[in-house]
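Colleague: Handing you a structure now.
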Amino acid sequence: MEPIVTCKNLTHFYGSRCIYENLNFEIPKGRILGLLGKNGTGKTTTINILNGYLRPTSGQCTIFGERSDNLSPSTKQKIGLLIEGHVQYNFMNIEEIEKFYAAFYPKWDKTVYYELMRLLQIAPKQKISKMSCGQKSQVALGLILAQNAELLILDDFSMGLDPGYRMLFVDFLSDYAKSEEKTVFVTSHIIQDMERLIDDCMVMDYGRILLQKPVDELMQKFKHYSLEGNEAKKLAKIDSFYSVSKRNDNSEFYAFESPVEIQSLLQSKGITAPNIKTRELSLEEIFIGLTGKY
Ligand SMILES: Nc1ncnc2c1ncn2[C@@H]1O[C@H](COP(=O)(O)OP(=O)(O)OP(=O)(O)O)[C@@H](O)[C@H]1O
């Protein structure tokens with residue numbers, strides 16, 4: 001089956017500044033892809049290209065088989081898009097805004113909207129103007145889900161939500177996407193949320209893509225290693241090691257290799273490490289290990 005989203009050799013420059021070159025990825029039907037990157041690495045740029053708001057400098061992006069910069073109205077209807085996070089019609093209440101939006105979307109499914117509102121304890125008569133920033137985000141998310149789109153593109157979906165509501169929403173979205181076979185592309189700065197939600201991840205650094213992998217594989221293979229003594233200089237010369245540093249009397253690094261492979265790599269570089277320690281990582285720690293602390 002053809003993937004829902006296909007990006008081939010996507011390259012974008014703002015003026016002479018390269019955001020990235022030759023980005024290739026696909027999102028098969030029913031998968032959730034998370035785009036992770038530090039501030040200003042190009043996540044919103046990618047979302048704008050996907051939505052056809054921005055034409056890439058070169059390369060091509062297709063959605064449901066059509067070029068993203070020339071989508072037909074019927075294909076646009078299949079895409080639910082969260083860009084700003086907030087609903088604008090402050091004078092309406094929860095029920096009124098649902099009815100208003102329903103008129104624009106032929107496949108509108110109010111059940112999912114009211115289910116989410118109930119879970120988040122937002123009453124039907126509650127006025128949007130009297131809601132907090134986080135509550136408004138929740139309404140916006142409910143309205144996106146009710147569109148019953150086949151592809152959901154959610155930029156920074158967790159903006160303004162507190163930890164409890166974020167977890168509620170992430171679990172709700174994850175169950176909903178799996179049961180309805182929705183395809184999802186998300187960005188968020190809150191990486192713990194991504195760990196619970198996404199199937200595949202793409203990590204961006206400034207000017208390039210660092211990595212694309214299924215999250216399970218990433219979490220299984222990428223580990224933190226710590227060995228006694230200051231060997232940071234030698235370790236930094238090993239290309240496959242990430243974020244080599246010295247901490248107190250230890251040297252630390254991150255790598256995809258297994259402990260056995262690490263031992264033989266170290267031996268080949270003349271480093272003896274009888275007491276090397278390995279630690280499994282959360283997705284947030286993996287992100288820091290891959291991209292560095294700053
Ligand atoms: N229209 C534009 N013209 C010139 N430069 C831009 C434009 N839009 C974004 N940029 C620059 O391109 C880079 C990537 O921006 P983008 O908004 O895609 O990053 P992001 O990963 O979404 O960031 P954040 O995590 O802060 O939301 C940033 O350095 C930004 O300043």
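Identifiers in the structure tokens: chain A, B, ... in order shown; residue index from 1 per chain; ligand index from 1 in order shown.
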Counting only C-alpha atoms and all ligand atoms, which residues of chain A fall within 12 Å of ligand 1, and what is the closest atom pair for each with its distance in Å at one decimal, ordered by chain and rising number, as a Markdown table?

Modeller:
| residue | atom | partner | partner_atom_place_in_ligand_line | distance |
| --- | --- | --- | --- | --- |
| A:His12 | CA | ligand 1 | 12 (O) | 9.3 |
| A:Phe13 | CA | ligand 1 | 12 (O) | 8.3 |
| A:Tyr14 | CA | ligand 1 | 4 (C) | 4.8 |
| A:Gly15 | CA | ligand 1 | 4 (C) | 7.0 |
| A:Ser16 | CA | ligand 1 | 4 (C) | 9.6 |
| A:Arg17 | CA | ligand 1 | 5 (N) | 7.9 |
| A:Cys18 | CA | ligand 1 | 12 (O) | 8.5 |
| A:Ile19 | CA | ligand 1 | 13 (C) | 6.2 |
| A:Tyr20 | CA | ligand 1 | 14 (C) | 9.4 |
| A:Leu35 | CA | ligand 1 | 21 (O) | 9.1 |
| A:Leu36 | CA | ligand 1 | 21 (O) | 8.2 |
| A:Gly37 | CA | ligand 1 | 21 (O) | 6.0 |
| A:Lys38 | CA | ligand 1 | 25 (O) | 5.5 |
| A:Asn39 | CA | ligand 1 | 25 (O) | 3.3 |
| A:Gly40 | CA | ligand 1 | 19 (O) | 3.4 |
| A:Thr41 | CA | ligand 1 | 21 (O) | 4.0 |
| A:Gly42 | CA | ligand 1 | 18 (O) | 3.2 |
| A:Lys43 | CA | ligand 1 | 21 (O) | 3.8 |
| A:Thr44 | CA | ligand 1 | 22 (O) | 3.7 |
| A:Thr45 | CA | ligand 1 | 18 (O) | 3.7 |
| A:Thr46 | CA | ligand 1 | 18 (O) | 6.5 |
| A:Ile47 | CA | ligand 1 | 18 (O) | 8.0 |
| A:Asn48 | CA | ligand 1 | 18 (O) | 8.2 |
| A:Ile49 | CA | ligand 1 | 18 (O) | 9.9 |
| A:Tyr53 | CA | ligand 1 | 1 (N) | 10.8 |
| A:Leu54 | CA | ligand 1 | 1 (N) | 9.0 |
| A:Arg55 | CA | ligand 1 | 1 (N) | 11.4 |
| A:Pro56 | CA | ligand 1 | 1 (N) | 11.9 |
| A:Ile83 | CA | ligand 1 | 22 (O) | 10.8 |
| A:Glu84 | CA | ligand 1 | 27 (O) | 11.2 |
| A:Leu154 | CA | ligand 1 | 22 (O) | 11.9 |
| A:Asp155 | CA | ligand 1 | 22 (O) | 8.3 |
| A:Asp156 | CA | ligand 1 | 27 (O) | 7.6 |
| A:Phe157 | CA | ligand 1 | 27 (O) | 11.3 |
| A:Met159 | CA | ligand 1 | 27 (O) | 10.6 |
| A:Val186 | CA | ligand 1 | 22 (O) | 11.4 |
| A:Thr187 | CA | ligand 1 | 22 (O) | 8.4 |
| A:Ser188 | CA | ligand 1 | 25 (O) | 8.0 |
| A:His189 | CA | ligand 1 | 25 (O) | 6.9 |
| A:Ile190 | CA | ligand 1 | 25 (O) | 10.7 |
| A:Val203 | CA | ligand 1 | 21 (O) | 10.5 |
| A:Met204 | CA | ligand 1 | 21 (O) | 8.2 |
| A:Asp205 | CA | ligand 1 | 21 (O) | 9.0 |
| A:Tyr206 | CA | ligand 1 | 14 (C) | 8.5 |
| A:Gly207 | CA | ligand 1 | 13 (C) | 9.2 |
| A:Arg208 | CA | ligand 1 | 14 (C) | 11.5 |
| A:Ile209 | CA | ligand 1 | 21 (O) | 11.8 |

Colleague: What does the file look like for those residues with N, CA and C atoms, as a short mmCIF file (atom, residue, chain, number, x, y, z; two decimals), in the first residue's frame?

Modeller:
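This went into part-v3.cif:
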data_model
loop_
_atom_site.label_atom_id
_atom_site.label_comp_id
_atom_site.auth_asym_id
_atom_site.auth_seq_id
_atom_site.Cartn_x
_atom_site.Cartn_y
_atom_site.Cartn_z
N HIS A 12 15.49 22.57 2.24
CA HIS A 12 14.96 23.93 2.38
C HIS A 12 16.00 24.92 2.87
N PHE A 13 16.03 26.05 2.20
CA PHE A 13 16.89 27.18 2.58
C PHE A 13 16.00 28.38 2.81
N TYR A 14 16.25 29.17 3.87
CA TYR A 14 15.67 30.51 3.97
C TYR A 14 16.80 31.44 3.54
N GLY A 15 16.71 32.03 2.38
CA GLY A 15 17.82 32.82 1.84
C GLY A 15 19.00 31.90 1.64
N SER A 16 20.14 32.22 2.24
CA SER A 16 21.31 31.35 2.06
C SER A 16 21.44 30.35 3.21
N ARG A 17 20.49 30.40 4.15
CA ARG A 17 20.60 29.54 5.34
C ARG A 17 19.93 28.18 5.11
N CYS A 18 20.76 27.13 5.25
CA CYS A 18 20.22 25.78 5.02
C CYS A 18 19.50 25.28 6.27
N ILE A 19 18.26 24.89 6.14
CA ILE A 19 17.54 24.29 7.28
C ILE A 19 17.82 22.78 7.26
N TYR A 20 17.66 22.15 6.13
CA TYR A 20 18.13 20.77 5.94
C TYR A 20 18.21 20.45 4.47
N LEU A 35 8.36 14.11 15.14
CA LEU A 35 9.53 14.87 14.71
C LEU A 35 10.09 15.59 15.93
N LEU A 36 11.33 15.25 16.28
CA LEU A 36 11.95 15.82 17.49
C LEU A 36 13.12 16.69 17.07
N GLY A 37 13.25 17.84 17.70
CA GLY A 37 14.38 18.70 17.38
C GLY A 37 14.41 19.87 18.32
N LYS A 38 15.60 20.42 18.51
CA LYS A 38 15.71 21.60 19.38
C LYS A 38 15.02 22.79 18.72
N ASN A 39 14.92 23.88 19.46
CA ASN A 39 14.32 25.10 18.91
C ASN A 39 15.03 25.52 17.63
N GLY A 40 14.24 25.83 16.64
CA GLY A 40 14.80 26.41 15.41
C GLY A 40 15.47 25.42 14.48
N THR A 41 15.22 24.12 14.63
CA THR A 41 15.87 23.15 13.73
C THR A 41 15.07 22.91 12.45
N GLY A 42 13.79 23.30 12.43
CA GLY A 42 13.04 23.16 11.18
C GLY A 42 11.78 22.32 11.27
N LYS A 43 11.24 22.15 12.46
CA LYS A 43 10.02 21.32 12.61
C LYS A 43 8.82 22.02 11.97
N THR A 44 8.62 23.29 12.33
CA THR A 44 7.47 24.01 11.76
C THR A 44 7.65 24.20 10.25
N THR A 45 8.89 24.39 9.83
CA THR A 45 9.17 24.48 8.38
C THR A 45 8.67 23.23 7.68
N THR A 46 8.95 22.07 8.25
CA THR A 46 8.53 20.81 7.64
C THR A 46 7.01 20.72 7.60
N ILE A 47 6.38 21.12 8.70
CA ILE A 47 4.92 21.08 8.76
C ILE A 47 4.34 22.03 7.70
N ASN A 48 4.95 23.20 7.55
CA ASN A 48 4.46 24.15 6.54
C ASN A 48 4.63 23.61 5.13
N ILE A 49 5.69 22.84 4.91
CA ILE A 49 5.88 22.22 3.58
C ILE A 49 4.80 21.15 3.37
N TYR A 53 1.90 25.25 2.67
CA TYR A 53 2.05 26.69 2.93
C TYR A 53 3.40 27.20 2.43
N LEU A 54 4.32 26.25 2.31
CA LEU A 54 5.69 26.63 1.97
C LEU A 54 6.17 25.68 0.88
N ARG A 55 6.76 26.24 -0.17
CA ARG A 55 7.30 25.37 -1.23
C ARG A 55 8.77 25.09 -0.89
N PRO A 56 9.18 23.83 -0.84
CA PRO A 56 10.59 23.57 -0.49
C PRO A 56 11.52 24.09 -1.58
N ILE A 83 -2.16 24.06 13.98
CA ILE A 83 -0.97 24.91 13.83
C ILE A 83 -0.85 25.85 15.02
N GLU A 84 -1.86 26.62 15.27
CA GLU A 84 -1.74 27.64 16.31
C GLU A 84 -2.07 27.11 17.70
N LEU A 154 -0.05 17.56 13.75
CA LEU A 154 -0.19 18.32 14.99
C LEU A 154 1.15 18.95 15.38
N ASP A 155 1.23 20.28 15.23
CA ASP A 155 2.47 20.97 15.55
C ASP A 155 2.42 21.40 17.02
N ASP A 156 3.37 20.93 17.79
CA ASP A 156 3.48 21.30 19.20
C ASP A 156 2.15 21.14 19.94
N PHE A 157 1.59 19.95 19.84
CA PHE A 157 0.24 19.72 20.36
C PHE A 157 0.14 19.87 21.88
N MET A 159 1.42 22.16 23.74
CA MET A 159 1.62 23.53 24.20
C MET A 159 0.52 23.95 25.19
N VAL A 186 3.44 14.30 14.32
CA VAL A 186 3.42 15.23 15.46
C VAL A 186 4.79 15.82 15.76
N THR A 187 4.75 17.04 16.29
CA THR A 187 5.97 17.59 16.89
C THR A 187 5.61 18.00 18.32
N SER A 188 6.56 17.95 19.18
CA SER A 188 6.35 18.43 20.55
C SER A 188 7.72 18.61 21.19
N HIS A 189 7.78 19.58 22.11
CA HIS A 189 9.03 19.73 22.86
C HIS A 189 9.04 18.83 24.08
N ILE A 190 7.87 18.26 24.38
CA ILE A 190 7.78 17.43 25.58
C ILE A 190 8.00 15.98 25.15
N VAL A 203 14.82 12.60 14.29
CA VAL A 203 15.46 13.62 15.13
C VAL A 203 16.23 14.59 14.24
N MET A 204 15.92 15.87 14.41
CA MET A 204 16.57 16.91 13.60
C MET A 204 17.63 17.63 14.40
N ASP A 205 18.72 17.95 13.72
CA ASP A 205 19.72 18.83 14.31
C ASP A 205 19.81 20.05 13.39
N TYR A 206 20.62 21.02 13.76
CA TYR A 206 20.71 22.20 12.90
C TYR A 206 21.31 21.82 11.56
N GLY A 207 20.55 22.02 10.51
CA GLY A 207 21.06 21.80 9.15
C GLY A 207 21.04 20.36 8.68
N ARG A 208 20.55 19.42 9.48
CA ARG A 208 20.55 18.02 9.04
C ARG A 208 19.60 17.15 9.86
N ILE A 209 19.36 15.97 9.31
CA ILE A 209 18.57 14.97 10.04
C ILE A 209 19.55 14.03 10.72
#

Colleague: Using only C-alpha atoms, determine which residues lie at most 12 Å from A:Glu26, disregarding the query and same-chain residues fewer than 3 positions distant; provide the list as a count of residues only.

Modeller: 32

Colleague: As a PyMOL selection string, which residues of stretch 140-173 of chain A does DSSP assign to strand (DSSP E)?

Modeller: chain A and resi 151-154

Colleague: Could you dump the residues just selected with C-alpha atoms as a PDB file, in the first residue's frame?

Modeller:
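Below you can see out_19.pdb, which holds the result:
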ATOM      1  CA  LEU A 151      -4.107  12.228   8.437  1.00  0.00           C
ATOM      2  CA  LEU A 152      -3.519  14.366  11.535  1.00  0.00           C
ATOM      3  CA  ILE A 153      -0.703  16.902  11.521  1.00  0.00           C
ATOM      4  CA  LEU A 154      -0.195  18.322  14.994  1.00  0.00           C
TER       5      LEU A 154
END

Colleague: Could you tell me which of A:Thr111, A:Ile97, A:Lys182, A:Ala177 comes closest to A:Ile79 if we count only C-alpha atoms?

Modeller: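 Between A:Thr111, A:Ile97, A:Lys182, A:Ala177, the residue approaching A:Ile79 most closely is A:Lys182.
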
Colleague: I'd like the neighbourhood of A:Leu119 as number ranges by chain, where a residue qualifies if any of its atoms comes within 9 Å (using only C-alpha atoms), though same-chain residues fewer than 3 positions away should be ignored.

Modeller: A: 114-116, 122, 168-169

Colleague: Please determine, counting only C-alpha atoms, which residue among A:Lys99, A:Lys110, A:Lys78, A:Lys223 has the shortest atom-to-atom distance to A:Phe256.

Modeller: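 The shortest atom-to-atom distance to A:Phe256 comes from A:Lys223.
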